[in-house]
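Trainee: This is upload01.txt, which holds compact mmCIF, C-alpha atoms and all ligand atoms:
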```txt
# COMPACT_ATOMS: atom_id res chain seq x y z
CA MET A 41 79.53 -1.02 45.62
CA LEU A 42 82.94 -2.55 46.43
CA PRO A 43 83.75 -5.91 44.75
CA THR A 44 84.24 -8.91 47.15
CA GLY A 45 88.06 -8.55 47.07
CA GLY A 46 87.71 -4.87 47.99
CA ILE A 47 85.39 -5.66 50.94
CA LEU A 48 87.83 -8.30 52.28
CA ASN A 49 90.72 -5.88 51.91
CA MET A 50 88.77 -3.14 53.73
CA LYS A 51 87.78 -5.56 56.55
CA SER A 52 91.41 -6.64 56.98
CA LYS A 53 92.47 -2.97 57.25
CA LEU A 54 89.71 -2.14 59.74
CA ARG A 55 90.82 -5.06 61.94
CA LYS A 56 94.25 -3.35 62.24
CA ILE A 57 92.81 -0.10 63.68
CA PRO A 58 93.03 -1.09 67.41
CA ALA A 59 96.69 -2.12 66.92
CA LEU A 60 97.35 1.16 65.10
CA ILE A 61 95.79 3.23 67.90
CA SER A 62 97.85 1.35 70.49
CA VAL A 63 101.10 2.06 68.54
CA LEU A 64 100.20 5.75 68.07
CA LEU A 65 99.44 6.14 71.78
CA LYS A 66 102.90 4.80 72.59
CA GLU A 67 104.75 6.67 69.78
CA PRO A 68 102.56 9.70 68.83
CA TYR A 69 105.22 11.16 66.48
CA LEU A 70 104.47 8.26 64.09
CA ILE A 71 101.29 10.12 63.07
CA ASN A 72 103.62 12.36 61.03
CA LEU A 73 104.54 9.39 58.85
CA ILE A 74 100.89 9.07 57.86
CA LEU A 75 100.26 12.78 57.46
CA LYS A 76 103.47 13.26 55.47
CA SER A 77 103.03 10.15 53.33
CA ASN A 78 103.02 10.42 49.56
CA GLU A 79 99.41 9.13 49.53
CA ALA A 80 98.30 11.98 51.82
CA ALA A 81 100.19 14.48 49.63
CA LYS A 82 98.60 12.97 46.52
CA ASN A 83 95.09 13.39 47.98
CA LYS A 84 95.83 17.03 48.77
CA PHE A 85 97.30 17.51 45.30
CA GLN A 86 94.24 16.01 43.60
CA GLN A 87 91.93 18.32 45.54
CA LYS A 88 93.79 21.38 44.27
CA TYR A 89 94.63 20.07 40.80
CA PRO A 90 91.90 17.56 39.85
CA ASN A 91 92.75 17.90 36.15
CA ILE A 92 96.51 17.36 36.39
CA VAL A 93 97.64 13.72 36.48
CA ALA A 94 101.31 14.29 35.64
CA LEU A 95 103.54 16.57 33.63
CA PRO A 96 104.17 15.80 29.96
CA GLN A 97 107.42 13.89 29.56
CA VAL A 98 110.46 15.01 27.61
CA GLU A 99 113.68 13.18 26.82
CA VAL A 100 117.16 14.51 27.55
CA LYS A 101 118.28 13.82 23.96
CA ASP A 102 115.70 16.34 22.70
CA LEU A 103 117.02 19.17 24.90
CA SER A 104 120.27 19.82 23.08
CA ASP A 105 121.94 19.36 19.68
CA GLU A 106 125.38 19.62 21.25
CA LEU A 107 127.48 16.56 21.94
CA MET A 108 126.31 14.75 25.09
CA PRO A 109 128.76 14.64 28.02
CA GLU A 110 130.43 11.26 28.37
CA THR A 111 132.10 11.39 31.77
CA ILE A 112 130.07 11.98 34.88
CA GLU A 113 131.60 11.86 38.35
CA SER A 114 129.59 10.77 41.39
CA PHE A 115 130.31 9.33 44.81
CA LEU A 116 127.14 7.22 44.40
CA MET A 117 126.41 7.73 48.09
CA ASP A 118 123.58 9.01 50.25
CA GLY A 119 122.07 12.14 48.70
CA SER A 120 123.83 11.68 45.35
CA SER A 121 121.67 12.54 42.37
CA LEU A 122 121.00 9.82 39.80
CA ILE A 123 123.54 9.57 37.01
CA THR A 124 120.73 10.50 34.62
CA ASP A 125 119.97 13.62 36.72
CA LEU A 126 123.61 14.72 36.42
CA HIS A 127 123.53 13.84 32.72
CA LEU A 128 120.47 16.10 32.31
CA LEU A 129 122.21 19.02 34.04
CA MET A 130 125.38 18.57 32.00
CA THR A 131 123.40 18.36 28.77
CA LEU A 132 121.57 21.60 29.58
CA ALA A 133 124.83 23.22 30.67
CA GLY A 134 126.54 22.17 27.44
CA ARG A 135 124.17 24.21 25.25
CA THR A 136 125.80 27.28 23.71
CA ALA A 137 123.01 29.38 25.26
CA CYS A 138 124.13 28.36 28.76
CA ASN A 139 126.81 30.56 30.31
CA SER A 140 125.77 30.80 33.95
CA TYR A 141 124.50 28.31 36.54
CA LEU A 142 123.05 28.71 40.00
CA GLU A 143 122.08 25.89 42.30
CA ILE A 144 120.31 25.74 45.65
CA GLY A 145 121.69 22.81 47.65
CA THR A 146 125.40 21.98 47.35
CA TRP A 147 125.81 18.92 49.61
CA ARG A 148 129.11 17.27 48.57
CA GLY A 149 129.13 19.39 45.42
CA GLU A 150 128.58 16.66 42.84
CA SER A 151 125.97 18.45 40.72
CA VAL A 152 127.79 21.78 40.48
CA TYR A 153 131.16 20.04 39.96
CA ASN A 154 129.86 18.19 36.90
CA VAL A 155 128.09 21.28 35.52
CA ALA A 156 131.28 23.33 35.95
CA LYS A 157 132.96 21.13 33.31
CA GLN A 158 130.68 22.91 30.80
CA VAL A 159 130.02 26.33 32.36
CA SER A 160 132.68 28.46 34.02
CA ASP A 161 130.28 30.80 35.87
CA CYS A 162 128.82 28.60 38.62
CA LEU A 163 127.35 29.59 41.98
CA THR A 164 126.14 27.08 44.55
CA ILE A 165 124.18 27.99 47.69
CA ASN A 166 123.97 26.00 50.91
CA LEU A 167 123.03 26.48 54.55
CA PRO A 168 125.89 27.94 56.62
CA LYS A 169 127.77 25.32 58.65
CA GLU A 170 126.93 27.11 61.92
CA GLU A 171 123.23 26.93 61.10
CA MET A 172 123.49 23.20 60.40
CA ARG A 173 125.19 22.78 63.81
CA LEU A 174 122.32 24.64 65.49
CA LEU A 175 119.91 22.29 63.71
CA GLY A 176 121.75 19.40 65.38
CA PHE A 177 123.16 17.76 62.23
CA HIS A 178 126.02 15.26 62.58
CA GLU A 179 129.44 16.97 62.43
CA GLN A 180 130.72 14.56 59.79
CA TYR A 181 127.70 15.35 57.59
CA ILE A 182 128.27 19.09 58.02
CA ARG A 183 131.98 18.95 57.20
CA GLN A 184 131.42 16.99 54.00
CA HIS A 185 129.59 19.91 52.37
CA GLY A 186 131.40 21.01 49.23
CA VAL A 187 134.19 18.42 49.45
CA LEU A 188 134.07 17.91 45.70
CA SER A 189 133.04 21.37 44.46
CA VAL A 190 135.83 23.22 46.35
CA GLN A 191 138.29 21.40 44.11
CA ASN A 192 137.23 23.59 41.19
CA LYS A 193 138.26 27.18 41.88
CA ASN A 194 135.78 28.45 39.26
CA ILE A 195 132.88 27.43 41.47
CA SER A 196 131.62 30.11 43.88
CA HIS A 197 130.15 28.93 47.17
CA LEU A 198 127.60 31.02 49.05
CA GLU A 199 126.62 29.98 52.56
CA THR A 200 123.16 31.29 53.34
CA ASN A 201 119.66 30.09 54.16
CA THR A 202 117.45 30.51 51.10
CA ARG A 203 114.46 30.91 53.44
CA THR A 204 115.69 34.40 54.32
CA PHE A 205 118.17 35.20 51.55
CA ASP A 206 117.27 38.05 49.19
CA PHE A 207 118.01 36.62 45.73
CA GLY A 208 117.61 40.11 44.28
CA SER A 209 120.83 41.08 46.07
CA LEU A 210 122.75 38.90 43.57
CA GLN A 211 121.71 41.43 40.89
CA LYS A 212 122.05 38.79 38.25
CA LYS A 213 119.96 36.43 36.09
CA PHE A 214 121.08 32.86 35.33
CA ASP A 215 120.79 30.65 32.24
CA LEU A 216 120.40 27.42 34.20
CA ILE A 217 119.05 27.05 37.75
CA PHE A 218 118.90 23.85 39.79
CA ILE A 219 116.57 23.84 42.82
CA ASP A 220 117.72 21.05 45.13
CA GLY A 221 117.69 22.36 48.71
CA ASP A 222 115.08 21.65 51.37
CA HIS A 223 112.40 19.46 49.79
CA SER A 224 109.48 20.36 52.06
CA TYR A 225 106.42 21.92 50.39
CA ASP A 226 107.03 25.34 51.96
CA MET A 227 110.68 25.54 50.99
CA VAL A 228 110.33 24.23 47.43
CA ARG A 229 107.54 26.75 46.91
CA SER A 230 109.53 29.56 48.51
CA ASP A 231 112.73 28.77 46.55
CA THR A 232 110.69 28.51 43.34
CA GLU A 233 108.88 31.82 43.88
CA LYS A 234 112.13 33.61 44.67
CA VAL A 235 113.92 32.13 41.65
CA PHE A 236 111.06 33.13 39.34
CA LYS A 237 110.88 36.62 40.85
CA ASP A 238 114.57 37.52 40.77
CA LEU A 239 116.76 35.11 38.83
CA ILE A 240 115.20 34.14 35.54
CA LYS A 241 115.33 35.86 32.17
CA GLU A 242 113.75 35.15 28.77
CA ASN A 243 115.49 31.85 28.06
CA SER A 244 116.39 30.62 31.52
CA VAL A 245 115.93 26.93 32.18
CA VAL A 246 114.99 25.67 35.66
CA VAL A 247 115.39 22.12 36.96
CA TRP A 248 113.93 20.80 40.23
CA HIS A 249 115.42 17.73 41.82
CA ASP A 250 113.33 15.23 43.81
CA TYR A 251 110.13 16.09 41.99
CA ALA A 252 109.91 12.30 41.89
CA TYR A 253 111.11 9.57 44.28
CA ASN A 254 112.37 7.69 41.26
CA PRO A 255 111.86 8.24 37.50
CA GLN A 256 108.39 6.66 37.69
CA LYS A 257 107.10 7.72 41.10
CA ILE A 258 105.98 11.34 41.49
CA ARG A 259 106.62 13.04 44.84
CA TYR A 260 103.35 14.96 45.21
CA GLU A 261 104.45 17.38 47.95
CA VAL A 262 107.25 18.68 45.73
CA PHE A 263 105.10 18.54 42.58
CA GLN A 264 102.43 20.73 44.21
CA ALA A 265 105.05 23.18 45.51
CA ILE A 266 106.42 23.56 41.97
CA LEU A 267 102.97 24.17 40.44
CA ASP A 268 102.04 26.64 43.20
CA GLY A 269 105.44 28.33 43.05
CA VAL A 270 105.70 28.99 39.30
CA GLY A 271 102.14 30.31 38.99
CA GLU A 272 99.45 29.03 36.64
CA GLU A 273 100.71 31.01 33.64
CA ASN A 274 103.88 28.88 33.65
CA HIS A 275 102.31 25.43 34.05
CA ARG A 276 102.38 24.86 30.29
CA HIS A 277 106.19 25.13 30.32
CA LEU A 278 106.70 22.38 32.92
CA TYR A 279 107.88 18.86 32.04
CA HIS A 280 108.88 15.59 33.66
CA VAL A 281 112.29 14.59 32.33
CA LYS A 282 112.07 10.91 31.49
CA ASN A 283 114.44 8.52 33.34
CA THR A 284 115.27 11.20 35.91
CA MET A 285 113.89 12.47 39.22
CA CYS A 286 113.69 15.99 37.78
CA ALA A 287 111.03 18.45 36.65
CA LEU A 288 111.96 21.04 34.05
CA PHE A 289 110.86 24.57 33.15
CA TRP A 290 111.53 25.01 29.43
CA ARG A 291 109.93 27.64 27.24
CA ASP A 292 110.82 26.34 23.75
CA GLU A 293 108.72 23.91 21.75
CA ILE A 294 109.68 20.31 22.51
CA LYS A 295 108.54 16.81 21.66
CA THR A 296 106.58 15.24 24.55
CA SER A 297 105.10 11.89 25.52
CA VAL A 298 102.58 10.88 28.16
CA TYR A 299 103.94 9.88 31.57
CA ASP A 300 103.08 6.28 32.40
CA ALA A 301 103.98 4.92 35.86
CA TYR A 302 103.79 1.36 34.44
CA GLU A 303 105.61 2.00 31.18
CA ILE A 304 107.34 -0.95 29.56
CA PRO A 305 110.98 -0.07 28.78
CA GLU A 306 111.88 0.56 25.17
CA LYS A 307 115.50 1.54 25.65
CA ILE A 308 118.38 0.56 27.88
CA TYR A 309 121.37 2.61 29.09
CA GLU A 310 124.90 1.31 28.67
CA ILE A 311 127.04 2.68 31.51
CA SER A 312 130.79 2.09 31.93
CA LEU A 313 131.97 2.45 35.52
CA ARG A 314 135.50 3.32 36.56
CA GLU A 315 136.57 3.78 40.15
CA LYS A 316 139.36 6.18 41.15
CA ALA A 317 140.80 7.29 44.48
CA PHE A 318 139.48 10.46 46.10
CA SER A 319 141.07 12.04 49.14
CA THR A 320 138.48 13.89 51.15
CA VAL A 321 139.71 16.99 52.98
CA LEU A 322 137.14 17.86 55.64
CA LYS A 323 136.88 21.57 56.43
C1 LIG B 1 119.93 17.05 48.20
S1 LIG B 1 121.24 18.02 48.81
C2 LIG B 1 121.92 18.73 47.36
C3 LIG B 1 122.58 17.73 46.44
C4 LIG B 1 123.38 18.34 45.31
N1 LIG B 1 122.62 19.32 44.56
C5 LIG B 1 123.84 17.25 44.35
O1 LIG B 1 123.05 16.82 43.51
O2 LIG B 1 125.00 16.83 44.43
C6 LIG B 1 120.38 19.33 49.58
C7 LIG B 1 121.27 20.37 50.24
O3 LIG B 1 120.46 21.54 50.50
C8 LIG B 1 120.91 22.15 51.68
N2 LIG B 1 119.81 22.97 52.22
C9 LIG B 1 118.71 22.54 52.87
N3 LIG B 1 117.93 23.58 53.22
C10 LIG B 1 118.54 24.70 52.76
C11 LIG B 1 118.23 26.08 52.83
N4 LIG B 1 117.11 26.52 53.43
N5 LIG B 1 119.10 26.97 52.29
C12 LIG B 1 120.23 26.54 51.68
N6 LIG B 1 120.57 25.23 51.59
C13 LIG B 1 119.74 24.32 52.12
C14 LIG B 1 121.32 20.98 52.58
O4 LIG B 1 122.27 21.42 53.52
C15 LIG B 1 121.85 19.96 51.58
O5 LIG B 1 123.25 20.04 51.51
```
Here is a file; write its structure as structure tokens.
Mentor:
Amino acid sequence: MLPTGGILNMKSKLRKIPALISVLLKEPYLINLILKSNEAAKNKFQQKYPNIVALPQVEVKDLSDELMPETIESFLMDGSSLITDLHLLMTLAGRTACNSYLEIGTWRGESVYNVAKQVSDCLTINLPKEEMRLLGFHEQYIRQHGVLSVQNKNISHLETNTRTFDFGSLQKKFDLIFIDGDHSYDMVRSDTEKVFKDLIKENSVVVWHDYAYNPQKIRYEVFQAILDGVGEENHRHLYHVKNTMCALFWRDEIKTSVYDAYEIPEKIYEISLREKAFSTVLK
């Protein structure tokens, strides 16, 4: 039986149903907000994976013995990864075992640009500009793709849609792979399956961005796509990287802790910010 507070809460919600129906009749597309909500995705997730609450957590400092990168560059604008996400990528890239990097999702090129400070063999993949135009994206958004990454000539840019691209045609395996393209369930699953089929080798490390909305709020649609995409035999190698929005595929032994959405902080980051001019050349 529901406690009194629960009954009152339920009654107050039920009273809102006529207003909800009236809004949905006027703006039917709003139903998508409900169906695509994180709560709906969580319910679906729990039906498929009733025994998985979250991934075990790992800390960036336990992923490498090499010196941590100190300078990270970011526009700190819409679509920018967290500084801790970039720090994770640079830490993984700085390991002696890491000599090649592939990413899905270039955007302004911030992630690959920072990784390229540690790894000279970098390939970033993004939708072709023409395809983005056909999808009706804003011209100024389209033309900003790669504005930072084109400044480093070592970075290779490949314009293709990963939905149809044959990753096998690259005829290459990568040490570090960052999956950060389309974040819908279908595309994260498809990108993941293709990466695991064609691009990984014994010690490859894979990072997914936006597996969480923030370091303490899991994004269940993406989480489920990762679990479905890697296959059950690889679930034991998946981790939530603490203080980031990233999930990690890592085969080596590593110290873990239990994810806690209400964790009380036990450390604080000291970040020095320095602004410098950047002249954007739109292509
Ligand atoms: C979140 S942004 C990438 C951000 C970048 N990795 C960073 O951290 O600086 C996602 C990018 O994926 C691209 N994208 C979306 N769907 C794609 C697809 N099917 N194939 C290739 N690129 C795609 C978008 O154009 C967008 O630029």
Trainee: Please write out the residues within 6 Å of ligand LIG 1 (chain B) as a list in words, counting only C-alpha atoms and all ligand atoms.
Mentor: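 Within the 6 Å cut-off, the matching residues are Gly119, Ser120, Ser121, Ile144, Gly145, Thr146, Trp147, Arg148, Gly149, Glu150, Ser151, Ile165, Asn166, Leu167, Thr200, Asn201, Thr202, Arg203, Asp220, Gly221 and Asp222 of chain A.
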Trainee: Using all atoms listed in the file, which protein or nucleic acid residues come within 9 Å of Val100 (chain A)? Drop anything in the same chain fewer than 2 positions from it, and give the result as a list in words.
Mentor: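 Non-adjacent residues within range: Val98, Asp102, Leu103, Ser104, Thr124, His127, Leu128, Thr131, Leu132, Val281, Lys282 and Asn283 of chain A.
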Trainee: Restricting the output to C-alpha atoms, write the selected residues as a PDB file, keeping the file's coordinate frame.
Mentor:
```
ATOM      1  CA  VAL A  98     110.460  15.010  27.610  1.00  0.00           C
ATOM      2  CA  ASP A 102     115.700  16.340  22.700  1.00  0.00           C
ATOM      3  CA  LEU A 103     117.020  19.170  24.900  1.00  0.00           C
ATOM      4  CA  SER A 104     120.270  19.820  23.080  1.00  0.00           C
ATOM      5  CA  THR A 124     120.730  10.500  34.620  1.00  0.00           C
ATOM      6  CA  HIS A 127     123.530  13.840  32.720  1.00  0.00           C
ATOM      7  CA  LEU A 128     120.470  16.100  32.310  1.00  0.00           C
ATOM      8  CA  THR A 131     123.400  18.360  28.770  1.00  0.00           C
ATOM      9  CA  LEU A 132     121.570  21.600  29.580  1.00  0.00           C
ATOM     10  CA  VAL A 281     112.290  14.590  32.330  1.00  0.00           C
ATOM     11  CA  LYS A 282     112.070  10.910  31.490  1.00  0.00           C
ATOM     12  CA  ASN A 283     114.440   8.520  33.340  1.00  0.00           C
TER      13      ASN A 283
END
```
Trainee: Sorted by chain and rising residue number, which residues of region 121-216 of chain A lie within 8 Å of region 238-261 of chain A, and what are their closest atom pairs and distances in Å to one decimal, counting only C-alpha atoms, as JSON lines?
Mentor:
```
{"residue": "A:Asp125", "atom": "CA", "partner": "A:His249", "partner_atom": "CA", "distance": 8.0}
{"residue": "A:Phe207", "atom": "CA", "partner": "A:Asp238", "partner_atom": "CA", "distance": 6.1}
{"residue": "A:Gly208", "atom": "CA", "partner": "A:Asp238", "partner_atom": "CA", "distance": 5.3}
{"residue": "A:Lys212", "atom": "CA", "partner": "A:Leu239", "partner_atom": "CA", "distance": 6.5}
{"residue": "A:Lys213", "atom": "CA", "partner": "A:Leu239", "partner_atom": "CA", "distance": 4.4}
{"residue": "A:Phe214", "atom": "CA", "partner": "A:Leu239", "partner_atom": "CA", "distance": 6.0}
{"residue": "A:Asp215", "atom": "CA", "partner": "A:Ser244", "partner_atom": "CA", "distance": 4.5}
{"residue": "A:Leu216", "atom": "CA", "partner": "A:Val245", "partner_atom": "CA", "distance": 4.9}
```
Trainee: Give me, please, the distance in Å between CA of Ile195 (chain A) and CA of Tyr181 (chain A), quoted to one decimal.
Mentor: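 Straight-line distance from CA of Ile195 (chain A) to CA of Tyr181 (chain A) works out to 20.8 Å.
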Trainee: Suppose you want the space between CA of Met227 (chain A) and CA of Asp206 (chain A); what is it in Å?
Mentor: 14.3 Å
Trainee: Please provide the set of residues having any atom within 7 Å of Ile266 (chain A), restricted to all atoms listed in the file, with same-chain residues fewer than 6 positions apart removed, written as JSON, numbers by chain.
Mentor: {"A": [228, 229, 232]}
Trainee: Taking only C-alpha atoms into account, name the residue in A:Asn78, A:Ser196, A:Gln191, A:Thr164 that is nearest to Val262 (chain A).
Mentor: A:Asn78
Trainee: Of the residues A:Ile217, A:Val321, A:Ile74, A:Leu54, which is the one nearest to Ala287 (chain A), using all atoms listed in the file?
Mentor: A:Ile217
